[in-house]
Structure formats: C-alpha cells, structure tokens
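Asker: mmCIF, C-alpha atoms and all ligand atoms, saved as target-v8.cif, coming up:
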```cif
data_upload
#
loop_
_atom_site.label_atom_id
_atom_site.label_comp_id
_atom_site.auth_asym_id
_atom_site.auth_seq_id
_atom_site.Cartn_x
_atom_site.Cartn_y
_atom_site.Cartn_z
CA MET A 1 -45.43 119.25 -155.08
CA SER A 2 -41.66 119.12 -154.70
CA ILE A 3 -39.72 116.18 -153.34
CA GLU A 4 -38.85 118.36 -150.31
CA GLN A 5 -42.54 118.77 -149.54
CA LEU A 6 -43.16 115.03 -149.90
CA ALA A 7 -40.15 114.35 -147.67
CA ASP A 8 -41.55 116.77 -145.04
CA ILE A 9 -44.85 114.88 -144.95
CA ALA A 10 -43.06 111.53 -144.78
CA ARG A 11 -40.90 112.69 -141.87
CA ALA A 12 -43.96 114.06 -140.05
CA MET A 13 -45.62 110.63 -140.40
CA VAL A 14 -42.80 109.08 -138.37
CA ALA A 15 -42.13 111.97 -135.98
CA PRO A 16 -40.51 110.77 -132.73
CA GLY A 17 -42.97 108.93 -130.50
CA LYS A 18 -45.78 109.07 -133.06
CA GLY A 19 -47.33 106.54 -135.38
CA ILE A 20 -50.34 105.92 -137.56
CA ILE A 21 -53.78 104.49 -136.89
CA ALA A 22 -55.14 102.42 -139.77
CA ILE A 23 -58.92 102.79 -139.98
CA ASP A 24 -59.14 102.05 -143.68
CA GLU A 25 -61.10 98.81 -143.53
CA SER A 26 -63.16 98.26 -146.65
CA ASN A 27 -66.90 97.84 -146.07
CA ALA A 28 -66.45 94.06 -146.34
CA THR A 29 -63.68 94.02 -143.73
CA ILE A 30 -65.40 96.33 -141.25
CA ALA A 31 -68.48 94.11 -141.64
CA LYS A 32 -66.41 91.23 -140.20
CA ARG A 33 -65.10 93.37 -137.34
CA PHE A 34 -68.62 94.63 -136.53
CA GLU A 35 -70.09 91.15 -136.80
CA SER A 36 -67.60 89.88 -134.22
CA VAL A 37 -69.13 92.27 -131.66
CA GLY A 38 -72.72 92.19 -132.93
CA ILE A 39 -72.98 95.63 -134.57
CA PRO A 40 -75.02 95.99 -137.79
CA ASN A 41 -72.81 97.15 -140.66
CA SER A 42 -74.77 100.27 -141.64
CA GLU A 43 -73.24 103.42 -143.12
CA GLU A 44 -74.29 105.35 -140.00
CA ASN A 45 -72.62 102.84 -137.67
CA ARG A 46 -69.45 102.98 -139.72
CA ARG A 47 -69.53 106.79 -139.60
CA ALA A 48 -70.24 106.90 -135.86
CA TYR A 49 -67.48 104.38 -135.18
CA ARG A 50 -64.90 106.35 -137.14
CA GLU A 51 -66.09 109.57 -135.48
CA MET A 52 -65.51 107.96 -132.08
CA LEU A 53 -61.96 107.02 -133.11
CA LEU A 54 -61.00 110.29 -134.79
CA THR A 55 -62.39 112.57 -132.08
CA THR A 56 -60.45 110.84 -129.31
CA PRO A 57 -59.22 113.73 -127.13
CA ASN A 58 -55.49 114.52 -127.58
CA LEU A 59 -55.03 111.67 -130.08
CA GLY A 60 -52.53 113.85 -131.97
CA GLU A 61 -50.09 113.57 -129.06
CA HIS A 62 -49.17 110.06 -130.22
CA ILE A 63 -50.76 109.73 -133.65
CA SER A 64 -49.27 111.46 -136.68
CA GLY A 65 -51.71 110.23 -139.30
CA ALA A 66 -54.77 108.11 -139.96
CA ILE A 67 -55.49 105.98 -143.02
CA LEU A 68 -59.09 106.33 -144.18
CA PHE A 69 -61.29 104.39 -146.59
CA ASP A 70 -62.96 106.05 -149.60
CA GLU A 71 -66.29 106.31 -147.78
CA THR A 72 -64.68 107.72 -144.62
CA ILE A 73 -62.70 110.54 -146.22
CA ARG A 74 -66.02 111.95 -147.45
CA GLN A 75 -67.77 111.73 -144.07
CA SER A 76 -68.25 114.26 -141.26
CA THR A 77 -69.00 114.26 -137.55
CA LYS A 78 -72.66 114.27 -136.54
CA ASP A 79 -72.22 118.04 -136.10
CA GLY A 80 -71.16 118.34 -139.72
CA VAL A 81 -67.40 118.85 -139.39
CA PRO A 82 -65.54 116.92 -142.11
CA PHE A 83 -63.35 114.17 -140.64
CA THR A 84 -60.35 115.57 -142.52
CA LYS A 85 -60.81 118.92 -140.72
CA VAL A 86 -61.13 117.23 -137.33
CA MET A 87 -57.89 115.43 -138.08
CA MET A 88 -55.92 118.42 -139.30
CA ASP A 89 -57.11 120.50 -136.31
CA ASN A 90 -55.55 117.80 -134.11
CA GLY A 91 -52.30 117.59 -136.09
CA ILE A 92 -53.26 114.24 -137.65
CA ILE A 93 -52.36 113.87 -141.34
CA PRO A 94 -55.14 112.39 -143.50
CA GLY A 95 -54.20 109.29 -145.48
CA ILE A 96 -56.25 107.14 -147.85
CA LYS A 97 -56.27 103.49 -148.88
CA VAL A 98 -56.32 103.45 -152.67
CA ASP A 99 -55.90 99.81 -153.61
CA LYS A 100 -58.94 97.77 -154.62
CA GLY A 101 -58.05 94.66 -152.71
CA THR A 102 -56.49 91.35 -153.60
CA HIS A 103 -57.58 89.01 -156.39
CA ALA A 104 -56.46 85.52 -157.31
CA LEU A 105 -53.29 85.71 -159.42
CA ALA A 106 -54.01 83.73 -162.58
CA GLY A 107 -51.58 80.87 -163.11
CA CYS A 108 -50.41 80.97 -159.50
CA PRO A 109 -52.71 78.87 -157.27
CA GLY A 110 -52.97 80.11 -153.68
CA GLU A 111 -51.50 83.51 -154.53
CA VAL A 112 -53.02 86.95 -154.97
CA VAL A 113 -52.20 90.24 -156.61
CA THR A 114 -53.54 93.63 -155.57
CA GLU A 115 -55.65 95.48 -158.12
CA GLY A 116 -56.57 99.15 -158.46
CA LEU A 117 -54.17 100.76 -160.94
CA ASP A 118 -56.82 101.53 -163.57
CA GLY A 119 -58.00 105.11 -163.13
CA LEU A 120 -55.73 105.58 -160.14
CA ARG A 121 -54.26 108.90 -161.35
CA ASP A 122 -57.71 110.54 -161.35
CA ARG A 123 -58.66 109.01 -158.00
CA LEU A 124 -55.42 110.29 -156.45
CA LYS A 125 -56.09 113.79 -157.77
CA GLU A 126 -59.51 113.74 -156.13
CA TYR A 127 -58.15 112.38 -152.83
CA ALA A 128 -55.49 115.13 -152.79
CA GLN A 129 -58.29 117.68 -153.17
CA LEU A 130 -60.20 116.02 -150.34
CA GLY A 131 -57.14 116.52 -148.11
CA ALA A 132 -55.18 113.25 -148.34
CA ARG A 133 -51.43 113.78 -147.98
CA PHE A 134 -50.42 110.12 -148.05
CA ALA A 135 -51.86 106.91 -149.47
CA LYS A 136 -51.63 103.20 -148.81
CA TRP A 137 -51.49 100.17 -151.11
CA ARG A 138 -51.32 96.70 -149.55
CA ALA A 139 -49.87 93.69 -151.32
CA VAL A 140 -50.33 90.25 -149.82
CA ILE A 141 -47.70 87.52 -149.91
CA ASN A 142 -48.87 84.13 -148.65
CA ILE A 143 -46.47 81.49 -147.36
CA GLY A 144 -47.30 77.84 -148.05
CA GLU A 145 -46.10 74.77 -149.86
CA ASP A 146 -44.08 76.03 -152.85
CA ILE A 147 -45.31 79.58 -152.37
CA PRO A 148 -44.65 82.44 -152.66
CA SER A 149 -43.52 82.20 -156.28
CA GLY A 150 -41.17 84.71 -157.84
CA THR A 151 -44.02 85.59 -160.20
CA CYS A 152 -46.29 86.63 -157.34
CA ILE A 153 -43.58 88.65 -155.59
CA GLU A 154 -42.68 90.46 -158.82
CA ALA A 155 -46.26 91.12 -159.89
CA ASN A 156 -47.02 92.71 -156.53
CA ALA A 157 -43.79 94.71 -156.45
CA HIS A 158 -44.52 96.03 -159.93
CA ALA A 159 -48.02 97.16 -158.92
CA LEU A 160 -46.68 98.80 -155.75
CA ALA A 161 -44.07 100.69 -157.77
CA ARG A 162 -46.59 101.93 -160.34
CA TYR A 163 -48.89 103.05 -157.53
CA ALA A 164 -46.02 104.81 -155.72
CA ALA A 165 -44.90 106.68 -158.83
CA LEU A 166 -48.47 107.86 -159.46
CA CYS A 167 -48.81 109.04 -155.86
CA GLN A 168 -45.69 111.17 -156.08
CA GLU A 169 -46.83 112.63 -159.39
CA CYS A 170 -50.04 113.72 -157.60
CA GLY A 171 -48.23 115.16 -154.55
CA ILE A 172 -49.11 112.29 -152.23
CA VAL A 173 -46.63 110.30 -150.15
CA PRO A 174 -46.95 106.59 -150.99
CA MET A 175 -46.98 104.13 -148.14
CA VAL A 176 -45.92 100.84 -149.72
CA GLU A 177 -47.14 97.77 -147.87
CA PRO A 178 -45.99 94.30 -148.86
CA GLU A 179 -47.58 92.18 -146.13
CA VAL A 180 -46.10 88.73 -145.61
CA ILE A 181 -49.02 86.90 -144.02
CA MET A 182 -48.62 85.18 -140.63
CA ASP A 183 -50.99 82.29 -141.44
CA GLY A 184 -49.31 78.89 -141.73
CA ASP A 185 -47.06 76.56 -139.81
CA HIS A 186 -43.79 77.89 -141.23
CA ASP A 187 -40.94 78.86 -138.93
CA ILE A 188 -39.46 82.30 -138.38
CA GLU A 189 -36.53 81.56 -140.72
CA THR A 190 -38.95 80.98 -143.59
CA CYS A 191 -40.70 84.26 -142.80
CA TYR A 192 -37.30 85.98 -142.79
CA GLU A 193 -36.37 84.61 -146.22
CA VAL A 194 -39.72 85.49 -147.78
CA THR A 195 -39.73 88.97 -146.25
CA GLU A 196 -36.19 89.63 -147.45
CA VAL A 197 -36.84 88.60 -151.05
CA THR A 198 -40.14 90.52 -151.05
CA LEU A 199 -38.47 93.72 -149.84
CA ARG A 200 -35.55 93.39 -152.25
CA SER A 201 -37.94 92.93 -155.14
CA LEU A 202 -40.02 95.92 -153.98
CA PHE A 203 -37.05 98.29 -153.75
CA ASP A 204 -35.79 97.11 -157.15
CA ALA A 205 -39.18 97.91 -158.65
CA LEU A 206 -39.36 101.31 -156.93
CA TYR A 207 -35.94 102.13 -158.41
CA GLN A 208 -37.03 100.98 -161.88
CA HIS A 209 -40.07 103.23 -161.67
CA ASN A 210 -38.13 106.32 -160.53
CA VAL A 211 -39.87 106.49 -157.17
CA MET A 212 -38.10 108.92 -154.83
CA LEU A 213 -37.45 107.04 -151.64
CA GLU A 214 -37.08 110.29 -149.66
CA GLY A 215 -40.83 110.75 -150.14
CA THR A 216 -41.90 107.15 -149.47
CA ILE A 217 -42.83 105.23 -146.29
CA LEU A 218 -42.57 101.44 -145.97
CA LYS A 219 -45.32 99.63 -144.11
CA ALA A 220 -43.76 96.31 -143.23
CA SER A 221 -44.81 93.07 -141.62
CA MET A 222 -42.63 91.80 -138.79
CA VAL A 223 -40.53 88.66 -139.15
CA VAL A 224 -42.47 86.20 -136.99
CA SER A 225 -43.19 82.48 -136.69
CA GLY A 226 -46.22 81.28 -138.65
CA LYS A 227 -49.37 81.35 -136.50
CA ASP A 228 -49.55 77.54 -136.43
CA CYS A 229 -45.83 76.89 -136.06
CA ALA A 230 -45.17 74.63 -133.06
CA GLU A 231 -42.21 76.75 -132.03
CA GLN A 232 -43.09 80.42 -131.51
CA ALA A 233 -40.18 82.86 -131.60
CA SER A 234 -39.70 85.05 -128.54
CA VAL A 235 -40.18 88.82 -128.52
CA ASP A 236 -36.41 89.32 -128.70
CA GLU A 237 -36.04 86.89 -131.62
CA VAL A 238 -38.79 88.67 -133.55
CA ALA A 239 -37.17 92.04 -132.87
CA GLU A 240 -33.67 90.90 -133.86
CA SER A 241 -34.82 89.05 -137.00
CA THR A 242 -37.03 91.90 -138.16
CA VAL A 243 -34.33 94.54 -137.69
CA MET A 244 -31.71 92.39 -139.42
CA CYS A 245 -34.01 91.67 -142.35
CA LEU A 246 -34.88 95.35 -142.77
CA LYS A 247 -31.22 96.38 -142.57
CA SER A 248 -30.32 93.92 -145.29
CA ALA A 249 -33.05 94.97 -147.72
CA VAL A 250 -34.25 98.55 -147.05
CA PRO A 251 -32.18 101.57 -148.20
CA ALA A 252 -31.12 103.90 -145.38
CA ILE A 253 -32.43 106.95 -147.24
CA LEU A 254 -36.04 105.92 -146.60
CA PRO A 255 -37.57 108.39 -144.07
CA GLY A 256 -39.29 105.73 -142.00
CA ILE A 257 -40.76 102.29 -141.55
CA VAL A 258 -44.08 101.56 -139.86
CA PHE A 259 -45.43 98.12 -139.03
CA LEU A 260 -48.80 96.51 -139.49
CA SER A 261 -50.09 94.35 -136.64
CA GLY A 262 -51.32 91.56 -138.93
CA GLY A 263 -53.31 89.62 -136.33
CA GLN A 264 -50.84 89.93 -133.42
CA SER A 265 -52.37 90.61 -130.01
CA ASP A 266 -52.36 94.24 -128.87
CA GLU A 267 -49.68 93.48 -126.32
CA ALA A 268 -47.44 91.53 -128.72
CA ALA A 269 -47.57 94.29 -131.35
CA THR A 270 -46.45 96.84 -128.77
CA ALA A 271 -43.82 94.59 -127.18
CA HIS A 272 -42.26 93.76 -130.56
CA LEU A 273 -42.05 97.41 -131.61
CA ASP A 274 -40.57 98.38 -128.25
CA ALA A 275 -37.97 95.59 -128.39
CA MET A 276 -36.91 96.64 -131.89
CA ASN A 277 -36.43 100.23 -130.83
CA LYS A 278 -34.47 99.16 -127.77
CA LEU A 279 -31.96 97.63 -130.24
CA GLY A 280 -31.50 101.04 -131.93
CA PRO A 281 -30.46 103.47 -133.16
CA HIS A 282 -31.46 102.25 -136.62
CA PRO A 283 -31.09 103.91 -140.05
CA TRP A 284 -34.80 104.87 -139.98
CA PRO A 285 -37.45 105.57 -137.32
CA LEU A 286 -39.43 102.37 -136.65
CA SER A 287 -43.03 103.09 -135.72
CA PHE A 288 -46.50 101.66 -136.06
CA SER A 289 -49.43 101.76 -138.47
CA TYR A 290 -51.69 99.37 -136.62
CA GLY A 291 -55.29 98.61 -137.43
CA ARG A 292 -56.54 95.80 -135.23
CA ALA A 293 -53.88 96.33 -132.52
CA MET A 294 -55.04 99.95 -132.16
CA GLN A 295 -58.78 99.38 -132.35
CA SER A 296 -59.90 95.98 -131.12
CA ALA A 297 -60.21 96.82 -127.40
CA ALA A 298 -62.04 100.07 -128.17
CA LEU A 299 -64.41 98.36 -130.60
CA LYS A 300 -65.44 95.87 -127.93
CA ILE A 301 -66.21 98.61 -125.41
CA TRP A 302 -68.02 100.78 -127.94
CA SER A 303 -70.15 97.85 -129.14
CA GLN A 304 -71.71 97.51 -125.68
CA ASP A 305 -73.25 101.00 -125.87
CA LEU A 306 -72.78 102.98 -129.09
CA VAL A 307 -73.71 106.28 -127.42
CA GLY A 308 -72.94 105.83 -123.74
CA ASN A 309 -69.52 104.20 -124.15
CA VAL A 310 -67.91 106.70 -126.53
CA ALA A 311 -65.70 108.31 -123.86
CA LYS A 312 -64.67 104.93 -122.40
CA ALA A 313 -63.80 103.57 -125.84
CA GLN A 314 -61.79 106.71 -126.60
CA GLU A 315 -59.80 106.25 -123.39
CA THR A 316 -58.78 102.84 -124.69
CA VAL A 317 -57.82 104.23 -128.10
CA PHE A 318 -55.73 106.88 -126.39
CA ALA A 319 -54.03 104.30 -124.15
CA ARG A 320 -53.13 102.14 -127.16
CA ALA A 321 -51.75 105.20 -128.98
CA ARG A 322 -49.73 106.21 -125.92
CA ASP A 323 -48.30 102.70 -125.42
CA ASN A 324 -47.38 102.33 -129.08
CA GLY A 325 -45.93 105.86 -129.12
CA LEU A 326 -43.69 104.87 -126.21
CA ALA A 327 -42.76 101.65 -128.03
CA ALA A 328 -41.79 103.74 -131.06
CA LEU A 329 -39.19 105.32 -128.76
CA GLY A 330 -38.19 102.03 -127.10
CA LYS A 331 -39.55 103.39 -123.82
CA TRP A 332 -42.53 101.16 -123.20
CA SER A 333 -42.62 98.70 -120.33
CA SER A 334 -45.41 96.18 -119.94
P1 LIG B 1 -53.54 95.47 -139.07
O1 LIG B 1 -52.63 96.24 -138.12
O2 LIG B 1 -54.84 95.08 -138.45
O3 LIG B 1 -52.82 94.35 -139.74
O4 LIG B 1 -53.96 96.49 -140.19
C1 LIG B 1 -53.03 97.34 -140.71
C2 LIG B 1 -53.33 97.59 -142.12
O5 LIG B 1 -53.63 98.68 -142.52
C3 LIG B 1 -53.22 96.46 -143.05
O6 LIG B 1 -53.24 96.94 -144.35
#
```
Please, can you express the file's structure as structure tokens?
Ligand code: 13P
Answerer:
Amino acid sequence: MSIEQLADIARAMVAPGKGIIAIDESNATIAKRFESVGIPNSEENRRAYREMLLTTPNLGEHISGAILFDETIRQSTKDGVPFTKVMMDNGIIPGIKVDKGTHALAGCPGEVVTEGLDGLRDRLKEYAQLGARFAKWRAVINIGEDIPSGTCIEANAHALARYAALCQECGIVPMVEPEVIMDGDHDIETCYEVTEVTLRSLFDALYQHNVMLEGTILKASMVVSGKDCAEQASVDEVAESTVMCLKSAVPAILPGIVFLSGGQSDEAATAHLDAMNKLGPHPWPLSFSYGRAMQSAALKIWSQDLVGNVAKAQETVFARARDNGLAALGKWSS
C-alpha cells in the first residue's frame, strides 16, 4: 500500500466531527469491566456486548473507526454477519490492538514496557486480511518518585517505532499510544514535563525507524493533574497545557491526534476535548479514541437486561458519540 493510501485512511480516522471508539479490551480487562456490573465474562457475553456496541444505529455519523481485540475481529453478529462487515457497511474503519500488554521493565522498578514485537509482521498480515486498516499499540508511562526514567521512556518509544514501521510495511496505519498515567499525586506541571519528554522521544524514534508520519495517528493522554493531587487543574488549564505540550513536541505533518480517556469521567473527557478545540485552529485535528468514556454508561444499562436493554444502551452509545463528535469540532456545550 502506498503512503498516499495510508494517509487517506489516517485522514478518514480524524474526519471532521468524528472520532474512534476503543473496544479493544483484552479478556482480562473486559473481565474487570464486566465484574463491576455483575456480568459473567463468557465469550458469548463478550460477543453480545460488542455486537450491541457495533450495531448502534447511525454510529458512523460520529464514529470513524473502532479498535477491536483479537477475539473480536474474528466474531460475527448472532445472525452471522462478521463484525468487520457491519462496521464497513456503516462507514466505520476496523482497527486492531496488536500489543501484548505491559510487563515489568527489568532493572527499572515500578516501570513497564509493552511487549508484542515477536511475530508481529505475520500477525499484522493476518489482521490486514481480516479487514483491519489501522492498529494500536499502547505504551504506559507511570509517574512516581524518581520515575519515569529515561530508560523506560526510550524502551517504550523504541518498541512503538518498531511496531509503527511494521504496520506501514503491512499497509496498516499505526496508531501510536504513549499513555502517561493519571495515577499519583503529582501536579499538572509534572504531567506536562513527562508528556513532553515522552512525545519528543517517541517522534525521535519514529524518525530513526523511517516511519512516515503522514500515515500515522497519535493517541495521546491529556496533560492533567494526578488523580490524587490536592489541586486539580480546571478544564481550561487542562486544555491549554495539553495543546501547548502537543504543539511543542508533535510535528505538524501528522494527520491527526486522538485522545484516550484514561479514567476521566465521561463529562470531563468531553469537556476537555471541546475546550481544546475551542482554542483552535491547531496544526492537526484533535479528536477522541475513548474506551471507558464512550462505553461505561452503556455497559451499566446493558448489564441490567442483556436482551431487553440493547436499544436503550445503544441510545447511550450514540449520545456519547454525538457529544464527543461535537467536542471534536469545539461545538459541544454541557
Ligand atoms: P480509555 O479511553 O478507557 O483510556 O481507553 C482508551 C484506550 O484504548 C487505551 O488504550
């Protein structure tokens, strides 16, 4: 696939007023989400849940793509229509999470590195055949006493760059996600500094590995106060700090930036995105790739009646997509 084709996909992922729904929870992560609402974590429940999300009527009006998990990209509706076909029929681009999760980084207590490079070329080829047009790899950067270390930031940037180069070789747009975690009592300035150095290191590594930025999407964490910080930054402070940090570290040629929600409330995730876009225009579209902030309300409703509440849950998914789509344009009001 040519760079023009990759760039077309990347631009479609951040089309005006559209963003991405992340439904790529591993089986261990979805188990936690299901447990919180009392749903057994069976393969059929996972399939039915993802069917509910992906068959939301008119979802494609505000959603450009969905990130799936390995199990999900192989699944179908109860009527036997592959999820990837349902998505493409609704103008939703199939994406796939390809990393194999985080593991303790030897020699660096409290820090992790994302694994999954071994055999990745063959897995990407298969995912492309299954219909995936973009992929996701999430690195995790923890903030704490004396961390993150330069070693951790570089190890994760290196893995992200090798993943991204492999994706492009296989005709898949890489979404690169270096998530700076919100946990901790650090202030917003600390989050800014860590995010900036993480992004600079990532774009250095992408350059070293000949990754074409025109065919790459950044999935970023917002610059926020640590969850346990006594002083919580306002919506406007988060928006201003995040935009400034991105402008200082992300090349303008990138086709778009989407945010993760990272544990923010639904409302906060939307308000922050809206406030950032109200500060625009920016060098790149700023949109969303939310997991929890797109799904949590719908999951609660669905869990009360897995058959009877499908339509009600879908209304909630649609409302979250519409609100975040408006926020991607800076046109949302609470
Ligand atoms: P959250 O929006 O729940 O953080 O999930 C997004 C995601 O895909 C993290 O990798």
Asker: Select, from A:Gly150, A:Pro109, A:Gly131, A:Pro82, the residue with the minimum atom-to-atom distance to Ile67 of chain A, counting all atoms listed in the file.
Answerer: A:Gly131
Asker: With all atoms listed in the file counted and 6 Å as the cut-off, give the residues of chain A in contact with ligand LIG 1 (chain B), each with its shortest interatomic distance in Å and the pair that gives it, as JSON lines.
Answerer:
```
{"residue": "A:Ala22", "atom": "CA", "partner": "B:LIG1", "partner_atom": "O5", "distance": 4.9}
{"residue": "A:Arg138", "atom": "CA", "partner": "B:LIG1", "partner_atom": "O6", "distance": 5.5}
{"residue": "A:Leu260", "atom": "CA", "partner": "B:LIG1", "partner_atom": "O1", "distance": 4.1}
{"residue": "A:Ser261", "atom": "CA", "partner": "B:LIG1", "partner_atom": "O1", "distance": 3.5}
{"residue": "A:Gly262", "atom": "CA", "partner": "B:LIG1", "partner_atom": "O3", "distance": 3.3}
{"residue": "A:Gly263", "atom": "CA", "partner": "B:LIG1", "partner_atom": "O3", "distance": 5.9}
{"residue": "A:Tyr290", "atom": "CA", "partner": "B:LIG1", "partner_atom": "O1", "distance": 3.6}
{"residue": "A:Gly291", "atom": "CA", "partner": "B:LIG1", "partner_atom": "O1", "distance": 3.6}
{"residue": "A:Arg292", "atom": "CA", "partner": "B:LIG1", "partner_atom": "O2", "distance": 3.7}
{"residue": "A:Ala293", "atom": "CA", "partner": "B:LIG1", "partner_atom": "O1", "distance": 5.7}
```
Asker: Name all residues at most 9 Å from Ala311 of chain A (count only C-alpha atoms; drop same-chain ones fewer than 6 positions away) and give them as number ranges by chain.
Answerer: A: 52, 56, 302
Asker: May I have the residues within 9 Å of Gln208 of chain A as a list of chain:residue names, using only C-alpha atoms and disregarding those fewer than 4 positions away in the same chain?
Answerer: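 Those residues are A:Ala161, A:Phe203, A:Asp204.
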Asker: Show which residues sit within 8 Å of Leu254 of chain A, as a list of chain:residue names. Count only C-alpha atoms, and ignore same-chain residues fewer than 6 positions away.
Answerer: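 My list of contacting residues is A:Leu213, A:Glu214, A:Gly215, A:Thr216, A:Ile217, A:Leu218, A:Trp284.
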Asker: At a cut-off of 6 Å, using only C-alpha atoms, what residues contact Gly226 of chain A? Leave out same-chain residues fewer than 5 positions from it and give the result as a list in words.
Answerer: Met182, Asp183, Gly184, Asp185, His186 and Asp187 of chain A
Asker: Between atom CA of Phe288 of chain A and atom CA of Gln5 of chain A, what is the spacing in Å?
Answerer: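 Going from atom CA of Gln5 of chain A over to atom CA of Phe288 of chain A, I get 22.1 Å.
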Asker: At a cut-off of 12 Å, using all atoms listed in the file, what residues contact Ala7 of chain A? Leave out same-chain residues fewer than 3 positions from it and give the result as a PDB file with C-alpha atoms, in the coordinates of the input.
Answerer:
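Full text of around_3.pdb as output:
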```pdb
ATOM      1  CA  MET A   1     -45.430 119.250-155.080  1.00  0.00           C
ATOM      2  CA  SER A   2     -41.660 119.120-154.700  1.00  0.00           C
ATOM      3  CA  ILE A   3     -39.720 116.180-153.340  1.00  0.00           C
ATOM      4  CA  GLU A   4     -38.850 118.360-150.310  1.00  0.00           C
ATOM      5  CA  ALA A  10     -43.060 111.530-144.780  1.00  0.00           C
ATOM      6  CA  ARG A  11     -40.900 112.690-141.870  1.00  0.00           C
ATOM      7  CA  ALA A  12     -43.960 114.060-140.050  1.00  0.00           C
ATOM      8  CA  MET A  13     -45.620 110.630-140.400  1.00  0.00           C
ATOM      9  CA  VAL A  14     -42.800 109.080-138.370  1.00  0.00           C
ATOM     10  CA  ARG A 133     -51.430 113.780-147.980  1.00  0.00           C
ATOM     11  CA  PHE A 134     -50.420 110.120-148.050  1.00  0.00           C
ATOM     12  CA  GLN A 168     -45.690 111.170-156.080  1.00  0.00           C
ATOM     13  CA  GLY A 171     -48.230 115.160-154.550  1.00  0.00           C
ATOM     14  CA  ILE A 172     -49.110 112.290-152.230  1.00  0.00           C
ATOM     15  CA  VAL A 173     -46.630 110.300-150.150  1.00  0.00           C
ATOM     16  CA  PRO A 174     -46.950 106.590-150.990  1.00  0.00           C
ATOM     17  CA  MET A 212     -38.100 108.920-154.830  1.00  0.00           C
ATOM     18  CA  LEU A 213     -37.450 107.040-151.640  1.00  0.00           C
ATOM     19  CA  GLU A 214     -37.080 110.290-149.660  1.00  0.00           C
ATOM     20  CA  GLY A 215     -40.830 110.750-150.140  1.00  0.00           C
ATOM     21  CA  THR A 216     -41.900 107.150-149.470  1.00  0.00           C
ATOM     22  CA  ILE A 217     -42.830 105.230-146.290  1.00  0.00           C
ATOM     23  CA  ILE A 253     -32.430 106.950-147.240  1.00  0.00           C
ATOM     24  CA  LEU A 254     -36.040 105.920-146.600  1.00  0.00           C
ATOM     25  CA  PRO A 255     -37.570 108.390-144.070  1.00  0.00           C
ATOM     26  CA  GLY A 256     -39.290 105.730-142.000  1.00  0.00           C
TER      27      GLY A 256
END
```
Asker: Smallest atom-to-atom distance to Glu315 of chain A: which of A:Leu59, A:Ala128, A:Ala230, A:Ala252, using only C-alpha atoms?
Answerer: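 Distance minimum relative to Glu315 of chain A lands on A:Leu59.
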Asker: Select, from A:Met276, A:Ile21, A:Ala155, A:Leu206, the residue with the minimum atom-to-atom distance to Arg320 of chain A, counting all atoms listed in the file.
Answerer: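 Going through A:Met276, A:Ile21, A:Ala155, A:Leu206 one by one, the smallest distance to Arg320 of chain A is for A:Ile21.
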Asker: Between atom CA of Ser201 of chain A and atom CA of Leu160 of chain A, what is the distance in Å, rounded to a tenth?
Answerer: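 Taking atom CA of Ser201 of chain A and atom CA of Leu160 of chain A, their separation equals 10.5 Å.
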Asker: Suppose you want the space between atom CA of Leu329 of chain A and atom CA of Leu273 of chain A; what is it in Å?
Answerer: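 Interatomic distance here is 8.9 Å.
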Asker: Here is a test: counting only C-alpha atoms, which residue of A:Glu43, A:Lys125, A:Lys300, A:Glu115 is nearest to Ala313 of chain A?
Answerer: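 Among A:Glu43, A:Lys125, A:Lys300, A:Glu115, it is A:Lys300 that comes nearest to Ala313 of chain A.
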Asker: Find the residue from A:Gly330, A:Gly17, A:Gly144, A:Gly38 that sits nearest to Gln304 of chain A; use all atoms listed in the file when measuring.
Answerer: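 Of the candidates, the smallest distance to Gln304 of chain A is held by A:Gly38.
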Asker: From the options A:Ile141, A:Lys247, A:Tyr49, A:Ser234, which residue's atoms come nearest to His272 of chain A, counting all atoms listed in the file?
Answerer: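 For His272 of chain A, the nearest of the candidates is A:Ser234.
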Asker: Give as a ChimeraX atom specification the set of residues within 6 Å of the point (-60.5, 106.2, -146.4), where distances use the file's coordinates and all atoms listed in the file.
Answerer: /A:24,68-73,96-97
Asker: Mind listing as a VMD selection string all residues within 10 Å of (-41.2, 88.3, -147.0), counting all atoms listed in the file?
Answerer: chain A and resid 140 to 143 148 153 178 to 181 190 to 201 220 to 223 245
Asker: Could you pull segment 250-261 of chain A out of the structure just shown and give N, CA and C atoms as a PDB file, in the first residue's frame?
Answerer:
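To be explicit, this is the file written out as decode_2.pdb:
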```pdb
ATOM      1  N   VAL A 250       4.920  17.685  18.827  1.00  0.00           N
ATOM      2  CA  VAL A 250       4.346  16.837  17.764  1.00  0.00           C
ATOM      3  C   VAL A 250       4.455  17.553  16.410  1.00  0.00           C
ATOM      4  N   PRO A 251       5.123  16.938  15.437  1.00  0.00           N
ATOM      5  CA  PRO A 251       5.260  17.567  14.122  1.00  0.00           C
ATOM      6  C   PRO A 251       3.904  17.874  13.484  1.00  0.00           C
ATOM      7  N   ALA A 252       3.858  19.016  12.780  1.00  0.00           N
ATOM      8  CA  ALA A 252       2.594  19.473  12.191  1.00  0.00           C
ATOM      9  C   ALA A 252       2.125  18.578  11.053  1.00  0.00           C
ATOM     10  N   ILE A 253       3.041  17.786  10.485  1.00  0.00           N
ATOM     11  CA  ILE A 253       2.670  16.952   9.334  1.00  0.00           C
ATOM     12  C   ILE A 253       1.779  15.764   9.730  1.00  0.00           C
ATOM     13  N   LEU A 254       1.744  15.453  11.016  1.00  0.00           N
ATOM     14  CA  LEU A 254       0.909  14.335  11.471  1.00  0.00           C
ATOM     15  C   LEU A 254      -0.562  14.604  11.093  1.00  0.00           C
ATOM     16  N   PRO A 255      -1.285  13.596  10.550  1.00  0.00           N
ATOM     17  CA  PRO A 255      -2.659  13.858  10.097  1.00  0.00           C
ATOM     18  C   PRO A 255      -3.662  14.073  11.224  1.00  0.00           C
ATOM     19  N   GLY A 256      -3.347  13.604  12.428  1.00  0.00           N
ATOM     20  CA  GLY A 256      -4.322  13.815  13.491  1.00  0.00           C
ATOM     21  C   GLY A 256      -3.883  13.248  14.823  1.00  0.00           C
ATOM     22  N   ILE A 257      -4.511  13.782  15.864  1.00  0.00           N
ATOM     23  CA  ILE A 257      -4.258  13.325  17.232  1.00  0.00           C
ATOM     24  C   ILE A 257      -5.605  12.972  17.847  1.00  0.00           C
ATOM     25  N   VAL A 258      -5.674  11.808  18.470  1.00  0.00           N
ATOM     26  CA  VAL A 258      -6.880  11.419  19.207  1.00  0.00           C
ATOM     27  C   VAL A 258      -6.476  11.182  20.658  1.00  0.00           C
ATOM     28  N   PHE A 259      -7.409  11.377  21.554  1.00  0.00           N
ATOM     29  CA  PHE A 259      -7.095  11.222  22.979  1.00  0.00           C
ATOM     30  C   PHE A 259      -7.727   9.965  23.553  1.00  0.00           C
ATOM     31  N   LEU A 260      -7.051   9.411  24.543  1.00  0.00           N
ATOM     32  CA  LEU A 260      -7.635   8.361  25.368  1.00  0.00           C
ATOM     33  C   LEU A 260      -8.342   9.045  26.532  1.00  0.00           C
ATOM     34  N   SER A 261      -9.260   8.337  27.197  1.00  0.00           N
ATOM     35  CA  SER A 261      -9.937   8.986  28.331  1.00  0.00           C
ATOM     36  C   SER A 261      -9.239   8.670  29.652  1.00  0.00           C
TER      37      SER A 261
END
```
